[in-house]
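Enquirer: Next up, final07.csv (CSV, C-alpha atoms and all ligand atoms).
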```csv
chain,number,residue,atom,x,y,z
A,27,MET,CA,28.6,-22.8,43.6
A,28,LEU,CA,32.3,-22.6,44.3
A,29,GLN,CA,33.9,-25.8,45.7
A,30,THR,CA,37.4,-25.4,47.0
A,31,SER,CA,39.4,-27.6,44.7
A,32,ILE,CA,41.4,-30.5,46.3
A,33,LEU,CA,44.7,-30.3,44.5
A,34,PRO,CA,47.7,-32.4,45.4
A,35,GLY,CA,49.6,-29.3,46.6
A,36,LYS,CA,52.8,-30.5,44.9
A,37,PHE,CA,54.4,-27.1,44.4
A,38,ARG,CA,53.2,-25.2,47.4
A,39,HIS,CA,53.9,-27.9,50.0
A,40,PRO,CA,57.0,-29.9,49.2
A,41,GLU,CA,57.2,-31.1,52.8
A,42,LYS,CA,53.8,-32.8,52.5
A,43,GLN,CA,54.5,-34.8,49.4
A,44,HIS,CA,55.6,-37.9,51.2
A,45,ARG,CA,52.3,-38.1,53.0
A,46,PRO,CA,49.5,-40.5,51.9
A,47,ASP,CA,46.4,-38.9,50.3
A,48,ASN,CA,44.0,-38.1,53.0
A,49,PRO,CA,40.6,-37.2,51.4
A,50,SER,CA,37.9,-35.7,53.5
A,51,GLY,CA,34.2,-36.5,53.0
A,52,ARG,CA,31.9,-34.5,50.8
A,53,LYS,CA,31.1,-31.0,52.0
A,54,PRO,CA,27.6,-30.5,53.4
A,55,SER,CA,25.2,-28.1,51.8
A,56,TRP,CA,25.9,-25.4,54.4
A,57,ILE,CA,29.5,-25.1,53.3
A,58,ARG,CA,28.9,-24.2,49.6
A,59,VAL,CA,29.4,-20.6,48.6
A,60,LYS,CA,28.8,-18.4,45.5
A,61,ALA,CA,31.5,-18.0,42.9
A,62,PRO,CA,33.3,-14.7,42.9
A,63,THR,CA,31.9,-12.9,39.8
A,64,SER,CA,31.0,-9.3,40.9
A,65,LYS,CA,32.4,-6.1,39.4
A,66,ALA,CA,33.6,-5.1,42.9
A,67,TYR,CA,35.4,-8.4,43.2
A,68,LYS,CA,37.3,-7.6,40.0
A,69,GLU,CA,38.1,-4.1,41.2
A,70,THR,CA,39.5,-5.5,44.5
A,71,LEU,CA,41.6,-7.9,42.5
A,72,ASP,CA,43.0,-5.1,40.3
A,73,ILE,CA,43.9,-2.9,43.3
A,74,VAL,CA,45.7,-5.8,45.1
A,75,ALA,CA,47.5,-6.8,41.9
A,76,ALA,CA,48.5,-3.2,41.0
A,77,GLU,CA,50.4,-2.9,44.2
A,78,GLY,CA,51.9,-6.4,43.9
A,79,LEU,CA,50.4,-7.4,47.3
A,80,ALA,CA,49.4,-10.8,48.7
A,81,THR,CA,46.2,-11.5,50.5
A,82,VAL,CA,45.3,-14.4,52.8
A,83,CYS,CA,42.0,-14.5,51.0
A,84,GLN,CA,43.7,-15.8,47.9
A,85,GLU,CA,46.6,-17.7,49.5
A,86,ALA,CA,44.5,-19.6,51.9
A,87,GLY,CA,41.8,-20.3,49.3
A,88,CYS,CA,39.2,-18.7,51.6
A,89,PRO,CA,35.6,-19.7,50.7
A,90,ASN,CA,34.3,-16.3,51.6
A,91,ILE,CA,36.3,-14.4,48.9
A,92,GLY,CA,33.3,-13.7,46.7
A,93,GLU,CA,31.3,-12.2,49.5
A,94,CYS,CA,34.2,-10.3,51.1
A,95,TRP,CA,35.7,-8.9,48.0
A,96,GLN,CA,32.3,-7.8,46.7
A,97,GLN,CA,32.6,-5.3,49.7
A,98,LYS,CA,36.2,-4.7,48.9
A,99,HIS,CA,37.2,-6.4,52.3
A,100,ALA,CA,40.5,-7.9,51.5
A,101,THR,CA,42.9,-9.1,54.2
A,102,PHE,CA,46.5,-8.4,53.4
A,103,MET,CA,49.3,-10.9,54.1
A,104,ILE,CA,52.6,-9.2,54.6
A,105,MET,CA,56.2,-10.3,54.5
A,106,GLY,CA,55.8,-12.4,51.4
A,107,GLU,CA,53.8,-15.4,50.4
A,108,ILE,CA,56.2,-18.1,51.7
A,109,CYS,CA,55.9,-19.3,55.3
A,110,THR,CA,58.7,-20.8,57.4
A,111,ARG,CA,56.4,-23.3,59.1
A,112,ALA,CA,54.3,-26.1,57.6
A,113,CYS,CA,51.1,-26.4,59.6
A,114,ALA,CA,48.9,-29.3,58.7
A,115,PHE,CA,45.8,-27.1,58.0
A,116,CYS,CA,47.3,-24.2,56.1
A,117,ASN,CA,47.5,-23.6,52.4
A,118,VAL,CA,50.1,-20.9,52.5
A,119,ARG,CA,53.2,-21.9,50.5
A,120,THR,CA,56.1,-23.4,52.6
A,121,GLY,CA,59.8,-22.7,51.9
A,122,LYS,CA,62.5,-20.2,52.2
A,123,PRO,CA,61.1,-16.6,52.2
A,124,ARG,CA,62.5,-13.7,50.3
A,125,ALA,CA,63.9,-10.5,51.9
A,126,LEU,CA,61.4,-8.0,53.2
A,127,ASP,CA,60.0,-5.3,50.9
A,128,ILE,CA,60.7,-2.1,52.7
A,129,ASP,CA,58.1,-0.3,50.6
A,130,GLU,CA,55.4,-2.8,51.5
A,131,PRO,CA,54.0,-0.7,54.4
A,132,TYR,CA,53.3,2.2,52.0
A,133,LYS,CA,51.9,-0.1,49.3
A,134,ILE,CA,49.5,-1.7,51.8
A,135,ALA,CA,48.4,1.7,53.1
A,136,ARG,CA,47.8,2.9,49.5
A,137,ALA,CA,45.8,-0.2,48.6
A,138,ILE,CA,43.7,0.2,51.7
A,139,GLN,CA,43.1,3.8,50.8
A,140,LYS,CA,42.0,2.8,47.3
A,141,LEU,CA,39.7,0.2,48.7
A,142,ASP,CA,38.3,2.8,51.0
A,143,LEU,CA,38.4,0.5,54.0
A,144,ARG,CA,37.1,1.7,57.4
A,145,HIS,CA,38.8,-1.2,59.1
A,146,ALA,CA,41.9,-2.9,57.8
A,147,VAL,CA,43.0,-6.4,58.6
A,148,ILE,CA,46.7,-7.3,58.3
A,149,THR,CA,48.1,-10.8,58.7
A,150,SER,CA,51.4,-12.4,57.8
A,151,VAL,CA,53.3,-15.5,57.1
A,152,ASP,CA,55.5,-16.9,59.9
A,153,ARG,CA,59.0,-15.4,59.6
A,154,ASP,CA,61.1,-17.5,62.0
A,155,ASP,CA,64.1,-16.5,59.9
A,156,LEU,CA,63.9,-12.9,61.1
A,157,SER,CA,65.4,-12.1,64.5
A,158,ASP,CA,62.2,-10.2,65.6
A,159,GLY,CA,59.8,-12.5,63.8
A,160,GLY,CA,58.7,-9.5,61.7
A,161,ALA,CA,57.5,-7.4,64.6
A,162,LEU,CA,59.1,-4.2,63.3
A,163,HIS,CA,57.6,-4.7,59.9
A,164,PHE,CA,54.2,-5.1,61.4
A,165,ALA,CA,54.7,-1.9,63.3
A,166,HIS,CA,55.7,-0.1,60.1
A,167,VAL,CA,52.6,-1.3,58.3
A,168,ILE,CA,50.4,-0.1,61.2
A,169,LEU,CA,52.1,3.3,61.3
A,170,ALA,CA,51.9,3.7,57.5
A,171,ILE,CA,48.1,3.1,57.6
A,172,HIS,CA,47.6,5.4,60.6
A,173,ASN,CA,49.6,8.1,58.8
A,174,LEU,CA,47.9,7.9,55.4
A,175,ILE,CA,44.4,7.1,56.5
A,176,PRO,CA,44.0,8.0,60.2
A,177,LYS,CA,40.3,7.2,60.3
A,178,THR,CA,40.9,3.6,59.3
A,179,SER,CA,41.1,1.2,62.3
A,180,VAL,CA,43.8,-1.5,62.1
A,181,GLU,CA,43.5,-5.1,63.2
A,182,ILE,CA,46.6,-7.3,63.1
A,183,LEU,CA,46.6,-11.1,63.1
A,184,THR,CA,50.1,-12.0,64.0
A,185,PRO,CA,52.3,-15.1,64.3
A,186,ASP,CA,53.5,-16.2,67.7
A,187,PHE,CA,56.8,-14.4,67.4
A,188,LYS,CA,58.3,-17.6,68.8
A,189,GLY,CA,56.9,-16.5,72.2
A,190,ASN,CA,59.2,-13.5,72.4
A,191,PRO,CA,57.4,-10.9,74.5
A,192,ALA,CA,59.8,-8.2,73.2
A,193,ALA,CA,58.0,-8.4,69.9
A,194,LEU,CA,54.9,-6.9,71.7
A,195,ASP,CA,57.0,-3.9,72.8
A,196,VAL,CA,57.6,-3.2,69.1
A,197,VAL,CA,54.1,-3.9,67.7
A,198,LEU,CA,51.8,-2.5,70.4
A,199,PRO,CA,53.3,1.0,70.5
A,200,ALA,CA,52.2,1.4,66.9
A,201,LYS,CA,48.7,1.2,68.2
A,202,PRO,CA,46.7,-1.5,66.4
A,203,ASP,CA,43.1,-1.4,67.4
A,204,VAL,CA,42.8,-5.2,67.5
A,205,PHE,CA,45.5,-7.6,68.4
A,206,ASN,CA,44.6,-11.1,67.0
A,207,HIS,CA,46.5,-14.3,67.4
A,208,ASN,CA,44.8,-17.5,66.6
A,209,LEU,CA,45.1,-20.6,68.8
A,210,GLU,CA,43.6,-22.5,65.9
A,211,THR,CA,42.9,-25.7,67.7
A,212,VAL,CA,42.9,-27.5,71.1
A,213,PRO,CA,46.2,-28.2,72.9
A,214,ARG,CA,46.0,-32.0,72.3
A,215,LEU,CA,46.1,-31.5,68.6
A,216,TYR,CA,49.0,-29.2,68.4
A,217,PRO,CA,51.7,-31.8,67.7
A,218,THR,CA,49.8,-32.9,64.5
A,219,ILE,CA,48.0,-29.8,63.4
A,220,ARG,CA,50.3,-26.9,64.5
A,221,PRO,CA,53.6,-28.8,65.2
A,222,GLY,CA,55.8,-25.6,65.0
A,223,ALA,CA,53.8,-23.9,67.7
A,224,ARG,CA,53.1,-24.3,71.4
A,225,TYR,CA,49.6,-23.8,72.8
A,226,PHE,CA,50.7,-22.0,76.0
A,227,THR,CA,53.1,-19.8,74.1
A,228,SER,CA,50.2,-18.6,72.0
A,229,LEU,CA,48.0,-18.2,75.0
A,230,GLN,CA,50.7,-16.3,76.8
A,231,LEU,CA,51.2,-13.9,73.9
A,232,LEU,CA,47.5,-13.0,74.1
A,233,ALA,CA,47.7,-12.5,77.8
A,234,GLU,CA,50.8,-10.4,77.5
A,235,ALA,CA,49.2,-8.2,74.8
A,236,LYS,CA,46.3,-7.4,77.1
A,237,HIS,CA,48.6,-6.9,80.1
A,238,ARG,CA,50.8,-4.4,78.1
A,239,ASP,CA,47.9,-2.5,76.5
A,240,PRO,CA,44.6,-3.0,78.4
A,241,LEU,CA,42.8,-0.9,75.8
A,242,VAL,CA,43.7,-3.0,72.8
A,243,PHE,CA,41.0,-5.4,71.8
A,244,THR,CA,42.4,-9.0,71.9
A,245,LYS,CA,41.0,-11.6,69.6
A,246,SER,CA,41.6,-15.3,68.9
A,247,GLY,CA,40.2,-18.0,66.6
A,248,LEU,CA,39.6,-21.7,66.5
A,249,MET,CA,38.9,-24.2,63.7
A,250,VAL,CA,36.6,-27.1,64.5
A,251,GLY,CA,36.2,-30.4,62.7
A,252,LEU,CA,39.8,-31.5,63.3
A,253,GLY,CA,38.9,-34.2,65.9
A,254,GLU,CA,38.5,-32.0,69.0
A,255,SER,CA,35.8,-32.7,71.6
A,256,LYS,CA,33.3,-30.2,72.8
A,257,GLN,CA,34.8,-30.3,76.3
A,258,GLU,CA,38.2,-29.4,74.8
A,259,ILE,CA,36.7,-26.4,73.1
A,260,LEU,CA,35.0,-25.3,76.3
A,261,GLN,CA,38.3,-25.6,78.1
A,262,VAL,CA,40.1,-23.4,75.5
A,263,MET,CA,37.3,-20.8,75.9
A,264,ASP,CA,38.1,-20.8,79.7
A,265,ASP,CA,41.8,-20.5,78.9
A,266,LEU,CA,41.2,-17.5,76.6
A,267,ARG,CA,39.0,-15.8,79.2
A,268,ALA,CA,41.7,-16.3,81.8
A,269,ALA,CA,44.0,-14.5,79.3
A,270,ARG,CA,41.4,-11.7,79.1
A,271,VAL,CA,40.8,-12.2,75.4
A,272,ASP,CA,37.8,-10.1,74.2
A,273,PHE,CA,36.8,-11.7,71.0
A,274,LEU,CA,36.5,-15.3,69.9
A,275,THR,CA,35.9,-16.6,66.3
A,276,ILE,CA,35.1,-20.3,65.6
A,277,GLY,CA,34.8,-21.7,62.1
A,278,GLN,CA,34.8,-25.0,60.3
A,279,TYR,CA,38.2,-26.4,59.2
A,280,LEU,CA,38.3,-27.1,55.4
A,281,GLN,CA,41.0,-29.2,53.9
A,282,PRO,CA,43.0,-27.2,51.3
A,283,THR,CA,44.6,-30.3,49.6
A,284,ILE,CA,44.5,-34.1,50.0
A,285,LYS,CA,47.9,-33.9,51.6
A,286,HIS,CA,46.6,-31.7,54.4
A,287,ALA,CA,44.9,-32.8,57.7
A,288,LYS,CA,41.6,-34.4,57.0
A,289,VAL,CA,38.3,-33.0,58.0
A,290,GLU,CA,37.2,-35.3,60.8
A,291,ARG,CA,33.7,-33.9,61.0
A,292,TYR,CA,31.5,-31.1,59.6
A,293,VAL,CA,30.1,-29.4,62.6
A,294,THR,CA,26.5,-28.4,62.1
A,295,PRO,CA,25.2,-24.8,62.2
A,296,ASP,CA,23.2,-25.7,65.3
A,297,GLU,CA,26.4,-26.8,67.1
A,298,PHE,CA,28.1,-23.5,66.1
A,299,ARG,CA,25.1,-21.7,67.7
A,300,GLY,CA,25.7,-23.8,70.8
A,301,TYR,CA,29.4,-22.8,70.9
A,302,GLU,CA,28.4,-19.2,70.5
A,303,LYS,CA,26.1,-19.4,73.4
A,304,TRP,CA,28.7,-21.1,75.6
A,305,ALA,CA,31.3,-18.4,74.7
A,306,ARG,CA,29.0,-15.5,75.4
A,307,SER,CA,28.1,-17.1,78.8
A,308,LYS,CA,31.8,-17.2,79.6
A,309,GLY,CA,32.1,-13.5,79.2
A,310,PHE,CA,33.6,-12.8,75.7
A,311,LEU,CA,32.7,-9.3,74.6
A,312,MET,CA,32.2,-10.6,71.1
A,313,VAL,CA,31.8,-14.0,69.6
A,314,SER,CA,31.4,-15.1,66.0
A,315,ALA,CA,30.8,-18.8,65.4
A,316,SER,CA,29.5,-20.3,62.1
A,317,PRO,CA,30.7,-22.8,59.5
A,318,LEU,CA,32.2,-20.1,57.3
A,319,THR,CA,33.5,-17.8,60.1
A,320,ARG,CA,37.2,-16.9,59.6
A,321,SER,CA,39.3,-14.5,61.7
A,322,SER,CA,38.7,-11.6,59.3
A,323,TYR,CA,35.2,-12.5,58.2
A,324,HIS,CA,32.9,-9.5,58.8
A,325,ALA,CA,35.8,-7.9,60.8
A,326,ASP,CA,34.6,-4.4,59.9
A,327,SER,CA,31.1,-4.7,61.4
A,328,ASP,CA,32.4,-6.9,64.2
A,329,PHE,CA,34.8,-4.2,65.2
A,330,ALA,CA,32.0,-1.6,65.4
A,331,GLN,CA,30.0,-4.1,67.5
A,332,ILE,CA,32.8,-4.9,69.9
A,333,LYS,CA,33.4,-1.2,70.5
A,334,ALA,CA,29.7,-0.7,71.2
A,335,ASN,CA,29.7,-3.7,73.5
A,336,ARG,CA,32.6,-2.4,75.5
A,337,ALA,CA,31.0,1.1,75.8
A,338,GLN,CA,27.8,-0.5,77.1
A,339,LEU,CA,29.7,-2.6,79.6
A,340,LEU,CA,31.6,0.5,80.9
A,341,ALA,CA,28.3,2.5,81.1
A,342,GLU,CA,26.7,-0.3,83.2
A,343,GLU,CA,29.7,-0.4,85.6
A,344,VAL,CA,29.4,3.4,86.4
B,401,LIG,S1,37.0,-14.2,55.4
B,401,LIG,FE1,38.9,-13.1,55.6
B,401,LIG,S2,40.4,-14.3,54.4
B,401,LIG,FE2,38.3,-15.0,53.8
B,401,LIG,S3,37.9,-13.7,52.0
B,401,LIG,FE3,37.0,-12.7,53.8
B,401,LIG,S4,38.6,-11.2,54.4
B,401,LIG,FE4,39.6,-12.7,53.1
```
Show how you would write the structure in this file as structure tokens.
Expert:
Amino acid sequence: MLQTSILPGKFRHPEKQHRPDNPSGRKPSWIRVKAPTSKAYKETLDIVAAEGLATVCQEAGCPNIGECWQQKHATFMIMGEICTRACAFCNVRTGKPRALDIDEPYKIARAIQKLDLRHAVITSVDRDDLSDGGALHFAHVILAIHNLIPKTSVEILTPDFKGNPAALDVVLPAKPDVFNHNLETVPRLYPTIRPGARYFTSLQLLAEAKHRDPLVFTKSGLMVGLGESKQEILQVMDDLRAARVDFLTIGQYLQPTIKHAKVERYVTPDEFRGYEKWARSKGFLMVSASPLTRSSYHADSDFAQIKANRAQLLAEEV
């Protein structure tokens, strides 16, 4: 069994060092996952390393890495491994980022080709130091994948671009198949959990993406177990539907280090099933809710499913 190690996070998160230790309770049995030992896992690791790329699977210490990489489903993290924000839940290193690697789009496309992915998921660190928040780099990555492997669909999980809608005018014309931006948590918890972001800025970004490209699938994700109430989650679902978001993911928050936000509660698998039912009843085209759900978990099969769901809905409307 693989247990995410609770390290002090001294080198990755200098801004959190002054905080008192904040240990979470013992993980319940439904959180434990298998250690990554498969041959395919090693091959995935070699391909990622050969191109010198970063993945959120590694940087975030994702518990699903053994399962996902066994299927060669790696999620690439572009624009470096250093984030300009310091969210209380995130294990990505904080600091001053390096200059963009202009060859990265081609390296990413080549790695995806080697991994033989039908569906590629690309995310990034926050790059508040760049005037466009990295929108043009995202567009270049999408175009590089479309050019090299046209059959591969592309899902992007973006930062909030500081609420600058012009970023969408750069990213969306490159034609991602899925535009994902995570709300992460309920608005009441933003000041402590996501202090560099604003709830309505993120919501507006999702609404604008759908407004500008009605055919793009929009997607967002929430973590639970941070102290939110069920009513707050149901309200966020309503907000997301009002923004015409198609796909919602909900997973359990896990504490990366003792300096990060504490897990207030481990939500039970039954409660996740309840959230999934609520979300479906509110009209999402697709919902994934389970303790180990992450934005990119099963993104490949979920993309096939959401396309089928939309086709069915359109057929019923005729
Ligand atoms: S769930 Fe996403 S981040 Fe985690 S290992 Fe799988 S692809 Fe990577």
Enquirer: Got a sec to check which residues lie within 10 Å of ligand LIG 401 (chain B), using only C-alpha atoms and all ligand atoms, and send them as a ChimeraX atom specification?
Expert: /A:81-103,146-149,318-326
Enquirer: Write the residues of the selection above to a file with C-alpha atoms, as a PDB file, in the coordinates of the input.
Expert:
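File produced: again_3.pdb:
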```pdb
ATOM      1  CA  THR A  81      46.200 -11.500  50.500  1.00  0.00           C
ATOM      2  CA  VAL A  82      45.300 -14.400  52.800  1.00  0.00           C
ATOM      3  CA  CYS A  83      42.000 -14.500  51.000  1.00  0.00           C
ATOM      4  CA  GLN A  84      43.700 -15.800  47.900  1.00  0.00           C
ATOM      5  CA  GLU A  85      46.600 -17.700  49.500  1.00  0.00           C
ATOM      6  CA  ALA A  86      44.500 -19.600  51.900  1.00  0.00           C
ATOM      7  CA  GLY A  87      41.800 -20.300  49.300  1.00  0.00           C
ATOM      8  CA  CYS A  88      39.200 -18.700  51.600  1.00  0.00           C
ATOM      9  CA  PRO A  89      35.600 -19.700  50.700  1.00  0.00           C
ATOM     10  CA  ASN A  90      34.300 -16.300  51.600  1.00  0.00           C
ATOM     11  CA  ILE A  91      36.300 -14.400  48.900  1.00  0.00           C
ATOM     12  CA  GLY A  92      33.300 -13.700  46.700  1.00  0.00           C
ATOM     13  CA  GLU A  93      31.300 -12.200  49.500  1.00  0.00           C
ATOM     14  CA  CYS A  94      34.200 -10.300  51.100  1.00  0.00           C
ATOM     15  CA  TRP A  95      35.700  -8.900  48.000  1.00  0.00           C
ATOM     16  CA  GLN A  96      32.300  -7.800  46.700  1.00  0.00           C
ATOM     17  CA  GLN A  97      32.600  -5.300  49.700  1.00  0.00           C
ATOM     18  CA  LYS A  98      36.200  -4.700  48.900  1.00  0.00           C
ATOM     19  CA  HIS A  99      37.200  -6.400  52.300  1.00  0.00           C
ATOM     20  CA  ALA A 100      40.500  -7.900  51.500  1.00  0.00           C
ATOM     21  CA  THR A 101      42.900  -9.100  54.200  1.00  0.00           C
ATOM     22  CA  PHE A 102      46.500  -8.400  53.400  1.00  0.00           C
ATOM     23  CA  MET A 103      49.300 -10.900  54.100  1.00  0.00           C
ATOM     24  CA  ALA A 146      41.900  -2.900  57.800  1.00  0.00           C
ATOM     25  CA  VAL A 147      43.000  -6.400  58.600  1.00  0.00           C
ATOM     26  CA  ILE A 148      46.700  -7.300  58.300  1.00  0.00           C
ATOM     27  CA  THR A 149      48.100 -10.800  58.700  1.00  0.00           C
ATOM     28  CA  LEU A 318      32.200 -20.100  57.300  1.00  0.00           C
ATOM     29  CA  THR A 319      33.500 -17.800  60.100  1.00  0.00           C
ATOM     30  CA  ARG A 320      37.200 -16.900  59.600  1.00  0.00           C
ATOM     31  CA  SER A 321      39.300 -14.500  61.700  1.00  0.00           C
ATOM     32  CA  SER A 322      38.700 -11.600  59.300  1.00  0.00           C
ATOM     33  CA  TYR A 323      35.200 -12.500  58.200  1.00  0.00           C
ATOM     34  CA  HIS A 324      32.900  -9.500  58.800  1.00  0.00           C
ATOM     35  CA  ALA A 325      35.800  -7.900  60.800  1.00  0.00           C
ATOM     36  CA  ASP A 326      34.600  -4.400  59.900  1.00  0.00           C
TER      37      ASP A 326
END
```
Enquirer: Give me, as CSV, the closest atom pair and its distance (Å, one decimal) for every residue of segment 102-204 of chain A within a cut-off of 12 Å of segment 266-283 of chain A, counting only C-alpha atoms, rows sorted by chain and rising number.
Expert:
```
residue,atom,partner,partner_atom,distance
A:Cys113,CA,A:Pro282,CA,11.6
A:Ala114,CA,A:Gln281,CA,9.2
A:Phe115,CA,A:Gln281,CA,6.7
A:Cys116,CA,A:Pro282,CA,7.1
A:Asn117,CA,A:Pro282,CA,5.9
A:Val118,CA,A:Pro282,CA,9.6
A:Arg119,CA,A:Pro282,CA,11.5
A:Val204,CA,A:Phe273,CA,9.5
```
Enquirer: Do you know which residues are at most 6 Å from segment 156-170 of chain A counting all atoms listed in the file, after dropping those on the same chain fewer than 6 positions away, and could you put them as a VMD selection string?
Expert: chain A and resid 131 to 132 135 187 193 197 200
Enquirer: Using only C-alpha atoms, which protein or nucleic acid residues come within 8 Å of Cys109 of chain A? Drop anything in the same chain fewer than 3 positions from it, and give the result as a list in words.
Expert: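 Within the cut-off, the hits are Gly106, Ala112, Val118, Arg119, Thr120, Gly121, Lys122, Pro123, Val151, Asp152 and Arg153 of chain A.
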Enquirer: Considering all atoms listed in the file, state which residue in the set A:Ala315, A:Ala337, A:Ala125, A:Ala80 is at the smallest distance from Pro295 of chain A.
Expert: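 So, comparing all the options, the nearest one is A:Ala315.
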Enquirer: Can you tell me, as a PDB file with C-alpha atoms, in the frame of the given file, what residues are no more than 12 Å from Lys285 of chain A when counting all atoms listed in the file, ignoring any on the same chain fewer than 6 positions away?
Expert:
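out22.pdb was written with the following content:
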```pdb
ATOM      1  CA  ILE A  32      41.400 -30.500  46.300  1.00  0.00           C
ATOM      2  CA  LEU A  33      44.700 -30.300  44.500  1.00  0.00           C
ATOM      3  CA  PRO A  34      47.700 -32.400  45.400  1.00  0.00           C
ATOM      4  CA  GLY A  35      49.600 -29.300  46.600  1.00  0.00           C
ATOM      5  CA  LYS A  36      52.800 -30.500  44.900  1.00  0.00           C
ATOM      6  CA  PHE A  37      54.400 -27.100  44.400  1.00  0.00           C
ATOM      7  CA  ARG A  38      53.200 -25.200  47.400  1.00  0.00           C
ATOM      8  CA  HIS A  39      53.900 -27.900  50.000  1.00  0.00           C
ATOM      9  CA  PRO A  40      57.000 -29.900  49.200  1.00  0.00           C
ATOM     10  CA  GLU A  41      57.200 -31.100  52.800  1.00  0.00           C
ATOM     11  CA  LYS A  42      53.800 -32.800  52.500  1.00  0.00           C
ATOM     12  CA  GLN A  43      54.500 -34.800  49.400  1.00  0.00           C
ATOM     13  CA  HIS A  44      55.600 -37.900  51.200  1.00  0.00           C
ATOM     14  CA  ARG A  45      52.300 -38.100  53.000  1.00  0.00           C
ATOM     15  CA  PRO A  46      49.500 -40.500  51.900  1.00  0.00           C
ATOM     16  CA  ASP A  47      46.400 -38.900  50.300  1.00  0.00           C
ATOM     17  CA  ASN A  48      44.000 -38.100  53.000  1.00  0.00           C
ATOM     18  CA  PRO A  49      40.600 -37.200  51.400  1.00  0.00           C
ATOM     19  CA  SER A  50      37.900 -35.700  53.500  1.00  0.00           C
ATOM     20  CA  ALA A 112      54.300 -26.100  57.600  1.00  0.00           C
ATOM     21  CA  CYS A 113      51.100 -26.400  59.600  1.00  0.00           C
ATOM     22  CA  ALA A 114      48.900 -29.300  58.700  1.00  0.00           C
ATOM     23  CA  PHE A 115      45.800 -27.100  58.000  1.00  0.00           C
ATOM     24  CA  CYS A 116      47.300 -24.200  56.100  1.00  0.00           C
ATOM     25  CA  ASN A 117      47.500 -23.600  52.400  1.00  0.00           C
TER      26      ASN A 117
END
```
Enquirer: Skipping near chain neighbours, those fewer than 4 positions away, what residues fall within 12 Å of Arg291 of chain A using only C-alpha atoms, listed as a list in words?
Expert: Ser50, Gly51, Arg52, Lys53, Pro54, Met249, Val250, Gly251, Leu252, Gly253, Glu254, Ser255, Gln278, Tyr279, Leu280, Gln281, Ala287, Glu297 and Pro317 of chain A
Enquirer: Measure the distance from atom CA of Thr110 of chain A to atom CA of Ile171 of chain A in Å and round it to one decimal.
Expert: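 Between atom CA of Thr110 of chain A and atom CA of Ile171 of chain A the gap is 26.1 Å.
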Enquirer: Just checking: using all atoms listed in the file, which residue out of A:Val180, A:Leu126, A:Val74, A:Ile284 ends up closest to Phe243 of chain A?
Expert: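 Closest residue, counting all atoms listed in the file: A:Val180.
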Enquirer: Between A:Glu302, A:Asp264, A:Asp203, A:Asp186, which one has atoms that come closest to Ser228 of chain A, using only C-alpha atoms?
Expert: A:Asp186
Enquirer: So how many Å separate atom CA of Gly78 of chain A and atom CA of Ile175 of chain A, to one decimal?
Expert: 19.9 Å
Enquirer: Work out how far apart atom CA of Thr244 of chain A and atom CA of Asn335 of chain A are and give it in Å to one decimal.
Expert: 13.9 Å
Enquirer: May I ask which of the residues A:Ile138, A:Ile259, A:Met105, A:Ile332 is the closest one to Arg214 of chain A, counting all atoms listed in the file?
Expert: A:Ile259
Enquirer: Taking only C-alpha atoms into account, name the residue in A:Pro217, A:Gly189, A:Gly247, A:Gly222 that is nearest to Glu234 of chain A.
Expert: A:Gly189
Enquirer: Looking at all atoms listed in the file, which of A:Lys140, A:His145, A:Lys133, A:His172 is the one that sits closest to Thr70 of chain A?
Expert: A:Lys140
